[in-house]
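Comments concern the structure below.
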Amino acid sequence: MKKNSFSKVFVASMVLLSFFAAGPLFAQEKAMKLRLSVLWPAQHPITKLLGDWGKDIEKATNGRITVTIFASNTLSPPMQVYDNTAKGVVDIGTSLLAYAPGRLPLSEVLQQPLGYRNGYQASKLANAYYKKFRPKEFDDVKVMFLHGAAPGFIFTKNPVKSTADIKGLRIKANAENADIVKNLGASPVTMPVTETYDSLARGVVDGALFPIEALQGFKIGEVVKTVIENYGMSYMTSMYVVMNKDKWNAISSADQKAIEKFNEEYSDRLGKLWVTMDDNAKAFAKGKGVTFLSVSKEEEAATIQKMNPILDDYVKMAKSKGLPGDEALKFCQDFLKTNP
């Protein structure tokens, strides 16, 4: 009798212990709902592509991880996305590197006038740069992947015949690339992108420094006459997709590997999407009567000479912070030469 009672107690104890031991496993299987802050509107091609990225992650993790898109900066102001992702206000954030001023100094190499040919090349370089240098400035987040819009050129409200014709003009530019305008003899004017269309239409500014995609994405092709295709000034608007580190660390290693696989795939697809959007924007602008001015090799070489002081300033800034700016710059320049 005693033996039988002992057996019952033992079995009951084992069942109870297995229940408590399984608790963490059940908790781990619980779905993690991630909120993704996106810069673009819901119907923008990039927003849709990031939505597909989230769906593929959900499928690969059997629903353990879901991603909900918050478009048009509804989850966080664009200038605060990086900090809010690091703090956990945002689970996954995407925005411009330039919108985290001073936070990512070594990575500012990506937005220099390096002669980018297209967004695919630019995006490949951005990810190759990150893998090579693993800059500590990104240590407070988990980098999913980088990407960027390129080439960036000057568009003018009135027709021009050469790069020299912009001398003395007022050109809309962001703070991070205002020196491109200045070194070409024009006057940079900073303003939000949302104000640029009206400012061009009213003659407040004479032109704008933008990636090609803006001709259609922001309808700039309706209010300019010339795009100066001078690769000597061509820059990238570099962007990130980053995740809160605590959220990332809470994901199982198997699911992390699944996500990393899609990061590789979608960074490549996003780079190709930039090329498609640029092609569409160019067709849109030509349909509005915009001329694309291809400059001579001599004019391009002269422009490169005017951009060199900007590169020198970057290296000096990086070295003043104890960062290998010269190595980062050389890596980027060599990459672009071998990956045209």
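Ordering of the structure tokens sets the chain letters (A, B, ...), residue numbers begin anew at 1 in every chain, and ligands are numbered from 1 in the order given.
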
All residues 12 Å or closer to A:Gly217, only C-alpha atoms, same chain fewer than 2 positions away omitted, as a ChimeraX atom specification: /A:40-41,43-46,149,193-194,197,210-215,219-222,274,277-282,284-285

Could you tell me how far atom CA of A:Asp83 lies from atom CA of A:Asn249, in Å and to one decimal? 18.0 Å

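Closest approach to A:Thr190 from the set A:Arg202, A:Lys330, A:Arg170, A:Lys257 is made by A:Arg170, with distances taken over only C-alpha atoms.
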
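Among A:Leu106, A:Asn174, A:Thr303, A:Phe331, the residue with the shortest atom-to-atom distance to A:Lys319, counting only C-alpha atoms, is A:Leu106.
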
If you run DSSP on the backbone here, which positions in stretch 61-299 of chain A get strand (DSSP E or B)? Please write them as a PyMOL selection string. chain A and resi 65-70+92-96+141-149+152-156+170-172+187-189+207-211+226-229+237-244+291-294

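Of the listed residues A:Arg269, A:Lys286, A:Lys55, A:Lys30, the one whose atoms come nearest to A:Gly119 is A:Arg269, with distances taken using only C-alpha atoms.
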
Residues at most 7 Å from stretch 151-163 of chain A, counting only C-alpha atoms, excluding those fewer than 6 positions away in the same chain, as a PyMOL selection string? chain A and resi 116-119+200+206-212+223-230+233-236+295

Using only C-alpha atoms, determine which residues lie at most 12 Å from stretch 47-51 of chain A, disregarding the query and same-chain residues fewer than 3 positions distant; provide the list as a ChimeraX atom specification. /A:35-44,54-58,66-73,92-95,144-145,241,262-263,265-274

Quick one: pick out all helix (DSSP H, G or I) residues within stretch 14-174 of chain A from a backbone DSSP run and write them as a VMD selection string. chain A and resid 14 to 29 45 to 60 78 to 87 97 to 99 106 to 111 119 to 133 136 to 138 163 to 166

Separation of atom CA of A:Asp179 and atom CA of A:Ala201, in Å? 24.0 Å

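Our summary of the geometry notes that atom CA of A:Phe138 is positioned 23.8 Å from atom CA of A:Ile310.
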
Residue contacts of A:Cys332 (12 Å, only C-alpha atoms) excluding same-chain residues fewer than 5 positions away, as an MDAnalysis selection string: chainID A and resid 106:116 121:130 132:133 236 311 325:327 337:340

Go ahead and write the residues just picked, C-alpha atoms, as a JSON list (two decimals), in the first residue's frame.
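Once everything was written out, this is again-v4.json:
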[["chain", "number", "residue", "atom", "x", "y", "z"],
["A", 106, "LEU", "CA", 32.40, 56.60, -39.77],
["A", 107, "SER", "CA", 29.39, 55.61, -41.87],
["A", 108, "GLU", "CA", 29.13, 59.16, -43.21],
["A", 109, "VAL", "CA", 31.59, 57.90, -45.83],
["A", 110, "LEU", "CA", 28.60, 56.40, -47.64],
["A", 111, "GLN", "CA", 26.99, 59.77, -48.37],
["A", 112, "GLN", "CA", 30.12, 61.36, -49.84],
["A", 113, "PRO", "CA", 30.26, 62.27, -53.57],
["A", 114, "LEU", "CA", 32.00, 59.06, -54.61],
["A", 115, "GLY", "CA", 30.60, 58.80, -58.13],
["A", 116, "TYR", "CA", 27.79, 56.30, -57.54],
["A", 121, "GLN", "CA", 25.72, 49.45, -56.71],
["A", 122, "ALA", "CA", 25.24, 51.87, -53.80],
["A", 123, "SER", "CA", 23.28, 49.36, -51.72],
["A", 124, "LYS", "CA", 25.82, 46.59, -52.34],
["A", 125, "LEU", "CA", 28.61, 48.93, -51.25],
["A", 126, "ALA", "CA", 26.74, 49.99, -48.10],
["A", 127, "ASN", "CA", 26.38, 46.37, -46.93],
["A", 128, "ALA", "CA", 29.93, 45.44, -47.94],
["A", 129, "TYR", "CA", 31.20, 48.45, -45.97],
["A", 130, "TYR", "CA", 29.22, 47.40, -42.88],
["A", 132, "LYS", "CA", 34.05, 44.97, -43.48],
["A", 133, "PHE", "CA", 34.20, 47.55, -40.69],
["A", 236, "MET", "CA", 24.11, 58.21, -52.19],
["A", 311, "LEU", "CA", 36.49, 63.74, -49.00],
["A", 325, "GLY", "CA", 38.18, 57.32, -42.15],
["A", 326, "ASP", "CA", 41.00, 56.93, -44.67],
["A", 327, "GLU", "CA", 40.56, 53.14, -44.73],
["A", 337, "LYS", "CA", 35.88, 50.83, -59.25],
["A", 338, "THR", "CA", 35.63, 47.02, -59.20],
["A", 339, "ASN", "CA", 31.82, 46.89, -59.02],
["A", 340, "PRO", "CA", 30.64, 49.39, -61.67]]

Within 10 Å of A:Met32, counting only C-alpha atoms, which residues show up once you throw out same-chain ones fewer than 4 positions away? Write them as a PDB file with N, CA, C and O atoms, in the first residue's frame, please.
ATOM      1  N   GLN A  28       8.419  30.642 -25.141  1.00  0.00           N
ATOM      2  CA  GLN A  28       9.253  30.898 -26.308  1.00  0.00           C
ATOM      3  C   GLN A  28       8.454  30.764 -27.602  1.00  0.00           C
ATOM      4  O   GLN A  28       8.709  31.442 -28.575  1.00  0.00           O
ATOM      5  N   GLU A  58       7.558  35.872 -41.073  1.00  0.00           N
ATOM      6  CA  GLU A  58       6.465  35.212 -40.343  1.00  0.00           C
ATOM      7  C   GLU A  58       6.290  33.771 -40.815  1.00  0.00           C
ATOM      8  O   GLU A  58       6.142  32.849 -40.005  1.00  0.00           O
ATOM      9  N   GLY A  63       5.028  31.675 -37.726  1.00  0.00           N
ATOM     10  CA  GLY A  63       4.176  32.607 -36.994  1.00  0.00           C
ATOM     11  C   GLY A  63       4.712  33.055 -35.652  1.00  0.00           C
ATOM     12  O   GLY A  63       4.047  33.822 -34.945  1.00  0.00           O
ATOM     13  N   ARG A  64       5.914  32.596 -35.303  1.00  0.00           N
ATOM     14  CA  ARG A  64       6.472  33.017 -34.010  1.00  0.00           C
ATOM     15  C   ARG A  64       6.834  34.499 -34.027  1.00  0.00           C
ATOM     16  O   ARG A  64       6.862  35.145 -32.980  1.00  0.00           O
ATOM     17  N   ILE A  65       7.144  35.024 -35.209  1.00  0.00           N
ATOM     18  CA  ILE A  65       7.504  36.436 -35.338  1.00  0.00           C
ATOM     19  C   ILE A  65       6.618  37.065 -36.410  1.00  0.00           C
ATOM     20  O   ILE A  65       6.539  36.568 -37.540  1.00  0.00           O
ATOM     21  N   THR A  66       5.942  38.147 -36.045  1.00  0.00           N
ATOM     22  CA  THR A  66       5.133  38.888 -37.005  1.00  0.00           C
ATOM     23  C   THR A  66       5.629  40.327 -37.060  1.00  0.00           C
ATOM     24  O   THR A  66       6.117  40.860 -36.067  1.00  0.00           O
ATOM     25  N   VAL A  67       5.517  40.927 -38.239  1.00  0.00           N
ATOM     26  CA  VAL A  67       5.983  42.301 -38.443  1.00  0.00           C
ATOM     27  C   VAL A  67       4.817  43.149 -38.950  1.00  0.00           C
ATOM     28  O   VAL A  67       4.203  42.819 -39.961  1.00  0.00           O
ATOM     29  N   LYS A 247      15.146  43.023 -28.435  1.00  0.00           N
ATOM     30  CA  LYS A 247      14.177  42.216 -29.187  1.00  0.00           C
ATOM     31  C   LYS A 247      14.908  41.140 -29.994  1.00  0.00           C
ATOM     32  O   LYS A 247      14.493  39.983 -30.045  1.00  0.00           O
ATOM     33  N   ALA A 250      16.153  38.287 -27.928  1.00  0.00           N
ATOM     34  CA  ALA A 250      15.081  37.443 -27.393  1.00  0.00           C
ATOM     35  C   ALA A 250      14.605  36.411 -28.418  1.00  0.00           C
ATOM     36  O   ALA A 250      13.798  35.537 -28.091  1.00  0.00           O
ATOM     37  N   ILE A 251      15.100  36.501 -29.641  1.00  0.00           N
ATOM     38  CA  ILE A 251      14.706  35.570 -30.705  1.00  0.00           C
ATOM     39  C   ILE A 251      15.643  34.361 -30.682  1.00  0.00           C
ATOM     40  O   ILE A 251      16.842  34.495 -30.470  1.00  0.00           O
TER      41      ILE A 251
END
